[in-house]
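K.L.:
Attaching a single structure in structure tokens format; questions to follow.
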Amino acid sequence: MNVKVFSFKVEGIVLNSEDEQLKLSPGFDRKEVLAPLKERFEAENYKIDETSLNYKLIGDQIYIQGLASEKEAPKTVGFQFGKV
């Protein structure tokens with residue numbers, strides 16, 4: 001199984017200073033943020049492993065990092081039935 005590692009810059013989600021001690025991002029729906037990334041990997045026959053997702057801050061910009069694995073074709077088992 002092939003796996004890709006990705007780091008995705010989430011546009012528009014940046015930390016803003018509230019005061020000297022606190023920086024906050026605007027509210028966002030994580031599933032909505034992941035939708036374009038899932039579509040991109042779907043086109044390449046890959047699926048994001050949601051258990052591997054990690055949200056990182058680089059500077060004040062939020063990035064999502066994780067793994068995407070190649071989708072495998074389902075395995076089929078054939079049975080033959082006949083008269084004895």
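Just remember, in the structure tokens the first chain shown is A, the second B, etc., residues are 1-based per chain, and ligands are 1-based in the order shown.
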Using DSSP on the backbone, list every residue of chain A that comes out as strand (DSSP E), and give them as a ChimeraX atom specification.

P.N.:
/A:3-14,16-17,23-24,46-58,61-70

K.L.:
Please dump the current selection as a tab-separated table (two decimals), in the first residue's frame; keep N, CA and C atoms.

P.N.:
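Saved result, part.tsv, follows:
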```tsv
chain	number	residue	atom	x	y	z
A	3	VAL	N	1.63	5.25	0.53
A	3	VAL	CA	1.19	6.29	1.46
A	3	VAL	C	1.89	7.59	1.09
A	4	LYS	N	1.17	8.71	1.24
A	4	LYS	CA	1.76	10.03	1.04
A	4	LYS	C	1.64	10.81	2.34
A	5	VAL	N	2.64	11.60	2.64
A	5	VAL	CA	2.61	12.52	3.78
A	5	VAL	C	2.27	13.89	3.22
A	6	PHE	N	1.39	14.62	3.91
A	6	PHE	CA	1.03	15.95	3.40
A	6	PHE	C	1.05	16.99	4.51
A	7	SER	N	1.25	18.22	4.09
A	7	SER	CA	1.13	19.39	4.95
A	7	SER	C	0.30	20.40	4.17
A	8	PHE	N	-0.85	20.77	4.69
A	8	PHE	CA	-1.83	21.59	3.99
A	8	PHE	C	-1.99	22.93	4.71
A	9	LYS	N	-1.70	24.01	4.01
A	9	LYS	CA	-1.85	25.36	4.57
A	9	LYS	C	-3.32	25.73	4.51
A	10	VAL	N	-3.93	26.00	5.66
A	10	VAL	CA	-5.35	26.34	5.73
A	10	VAL	C	-5.48	27.85	5.53
A	11	GLU	N	-5.92	28.22	4.33
A	11	GLU	CA	-6.07	29.64	4.00
A	11	GLU	C	-7.16	30.29	4.86
A	12	GLY	N	-6.88	31.49	5.32
A	12	GLY	CA	-7.88	32.25	6.06
A	12	GLY	C	-7.97	31.93	7.54
A	13	ILE	N	-7.23	30.94	8.00
A	13	ILE	CA	-7.24	30.60	9.42
A	13	ILE	C	-5.87	30.99	10.00
A	14	VAL	N	-5.83	32.18	10.56
A	14	VAL	CA	-4.58	32.74	11.10
A	14	VAL	C	-4.87	33.21	12.52
A	16	ASN	N	-4.93	35.64	15.56
A	16	ASN	CA	-4.96	37.09	15.75
A	16	ASN	C	-4.81	37.39	17.23
A	17	SER	N	-4.11	38.45	17.57
A	17	SER	CA	-3.88	38.81	18.97
A	17	SER	C	-5.16	39.34	19.59
A	23	LYS	N	-3.72	34.62	21.69
A	23	LYS	CA	-3.97	34.71	20.26
A	23	LYS	C	-5.04	33.67	19.93
A	24	LEU	N	-6.00	34.06	19.10
A	24	LEU	CA	-7.09	33.15	18.72
A	24	LEU	C	-7.25	33.12	17.21
A	46	TYR	N	-6.49	8.30	-3.58
A	46	TYR	CA	-5.97	8.23	-2.22
A	46	TYR	C	-7.06	8.67	-1.25
A	47	LYS	N	-6.94	8.22	-0.01
A	47	LYS	CA	-7.88	8.59	1.04
A	47	LYS	C	-7.10	9.09	2.25
A	48	ILE	N	-7.58	10.19	2.84
A	48	ILE	CA	-6.92	10.75	4.02
A	48	ILE	C	-7.20	9.86	5.22
A	49	ASP	N	-6.15	9.56	5.98
A	49	ASP	CA	-6.28	8.82	7.23
A	49	ASP	C	-6.57	9.85	8.32
A	50	GLU	N	-7.83	9.99	8.70
A	50	GLU	CA	-8.22	11.04	9.64
A	50	GLU	C	-7.64	10.83	11.03
A	51	THR	N	-7.23	9.61	11.37
A	51	THR	CA	-6.61	9.38	12.67
A	51	THR	C	-5.19	9.93	12.71
A	52	SER	N	-4.60	10.22	11.55
A	52	SER	CA	-3.23	10.72	11.51
A	52	SER	C	-3.16	12.25	11.48
A	53	LEU	N	-4.31	12.92	11.42
A	53	LEU	CA	-4.31	14.38	11.28
A	53	LEU	C	-3.73	15.07	12.50
A	54	ASN	N	-2.94	16.10	12.21
A	54	ASN	CA	-2.30	16.88	13.26
A	54	ASN	C	-2.36	18.34	12.85
A	55	TYR	N	-2.87	19.19	13.72
A	55	TYR	CA	-2.96	20.62	13.42
A	55	TYR	C	-1.73	21.29	14.00
A	56	LYS	N	-0.99	22.01	13.14
A	56	LYS	CA	0.26	22.66	13.54
A	56	LYS	C	0.18	24.15	13.29
A	57	LEU	N	0.88	24.90	14.10
A	57	LEU	CA	1.04	26.33	13.87
A	57	LEU	C	2.46	26.59	13.41
A	58	ILE	N	2.58	27.27	12.32
A	58	ILE	CA	3.89	27.72	11.83
A	58	ILE	C	3.75	29.22	11.71
A	61	GLN	N	0.13	30.88	11.22
A	61	GLN	CA	-0.66	30.19	10.18
A	61	GLN	C	-0.91	28.74	10.61
A	62	ILE	N	-2.14	28.26	10.44
A	62	ILE	CA	-2.48	26.88	10.77
A	62	ILE	C	-2.26	25.98	9.56
A	63	TYR	N	-1.63	24.84	9.81
A	63	TYR	CA	-1.40	23.80	8.80
A	63	TYR	C	-1.99	22.50	9.32
A	64	ILE	N	-2.50	21.69	8.41
A	64	ILE	CA	-2.95	20.34	8.76
A	64	ILE	C	-1.96	19.37	8.13
A	65	GLN	N	-1.43	18.47	8.95
A	65	GLN	CA	-0.47	17.49	8.47
A	65	GLN	C	-1.02	16.09	8.74
A	66	GLY	N	-0.67	15.16	7.86
A	66	GLY	CA	-1.15	13.80	8.05
A	66	GLY	C	-0.72	12.87	6.93
A	67	LEU	N	-1.42	11.75	6.86
A	67	LEU	CA	-1.13	10.71	5.87
A	67	LEU	C	-2.34	10.48	4.97
A	68	ALA	N	-2.06	10.15	3.73
A	68	ALA	CA	-3.08	9.72	2.78
A	68	ALA	C	-2.60	8.41	2.18
A	69	SER	N	-3.47	7.41	2.20
A	69	SER	CA	-3.08	6.09	1.68
A	69	SER	C	-3.86	5.78	0.41
A	70	GLU	N	-3.21	5.03	-0.45
A	70	GLU	CA	-3.81	4.65	-1.73
A	70	GLU	C	-4.96	3.68	-1.47
```

K.L.:
Would you mind reading off the distance between atom CA of Asp60 of chain A and atom CA of Ser25 of chain A, one decimal, in Å?

P.N.:
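Straight-line distance from atom CA of Asp60 of chain A to atom CA of Ser25 of chain A works out to 8.9 Å.
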
K.L.:
As a CSV table (one decimal) with N, CA and C atoms, in the first residue's frame, please: all residues of chain A that backbone DSSP puts in alpha helix (DSSP H).

P.N.:
```csv
chain,number,residue,atom,x,y,z
A,30,ARG,N,-13.8,22.0,10.9
A,30,ARG,CA,-12.7,21.2,10.4
A,30,ARG,C,-13.1,20.3,9.2
A,31,LYS,N,-14.3,19.8,9.2
A,31,LYS,CA,-14.7,19.0,8.0
A,31,LYS,C,-14.8,19.8,6.8
A,32,GLU,N,-15.3,21.0,6.9
A,32,GLU,CA,-15.4,21.9,5.8
A,32,GLU,C,-14.0,22.3,5.2
A,33,VAL,N,-13.0,22.4,6.1
A,33,VAL,CA,-11.6,22.8,5.8
A,33,VAL,C,-11.0,21.6,5.0
A,34,LEU,N,-11.3,20.4,5.4
A,34,LEU,CA,-10.7,19.2,4.8
A,34,LEU,C,-11.3,18.8,3.5
A,35,ALA,N,-12.5,19.3,3.2
A,35,ALA,CA,-13.3,18.9,2.0
A,35,ALA,C,-12.4,19.1,0.7
A,36,PRO,N,-11.8,20.3,0.5
A,36,PRO,CA,-11.0,20.4,-0.8
A,36,PRO,C,-9.8,19.5,-0.8
A,37,LEU,N,-9.2,19.2,0.3
A,37,LEU,CA,-8.1,18.3,0.4
A,37,LEU,C,-8.5,16.9,0.1
A,38,LYS,N,-9.6,16.5,0.6
A,38,LYS,CA,-10.1,15.1,0.3
A,38,LYS,C,-10.4,15.0,-1.2
A,39,GLU,N,-11.0,16.0,-1.8
A,39,GLU,CA,-11.3,16.0,-3.2
A,39,GLU,C,-10.0,15.8,-4.0
A,40,ARG,N,-9.0,16.5,-3.6
A,40,ARG,CA,-7.7,16.5,-4.3
A,40,ARG,C,-7.1,15.1,-4.3
A,41,PHE,N,-7.2,14.4,-3.1
A,41,PHE,CA,-6.6,13.1,-3.0
A,41,PHE,C,-7.5,12.1,-3.7
A,42,GLU,N,-8.8,12.3,-3.7
A,42,GLU,CA,-9.8,11.4,-4.4
A,42,GLU,C,-9.4,11.2,-5.8
A,43,ALA,N,-9.0,12.4,-6.4
A,43,ALA,CA,-8.7,12.4,-7.9
A,43,ALA,C,-7.5,11.5,-8.1
```

K.L.:
Just give me the gap between atom CA of Glu72 of chain A and atom CA of Asn45 of chain A in Å, one decimal is fine.

P.N.:
8.6 Å

K.L.:
Could you state the separation of atom CA of Gln21 of chain A and atom CA of Gly59 of chain A in Å, given to one decimal place?

P.N.:
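It comes out at 15.6 Å.
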
K.L.:
When distances are computed from only C-alpha atoms, which of A:Glu20, A:Pro26, A:Met1, A:Leu15 shows the smallest separation from Lys71 of chain A?

P.N.:
A:Met1
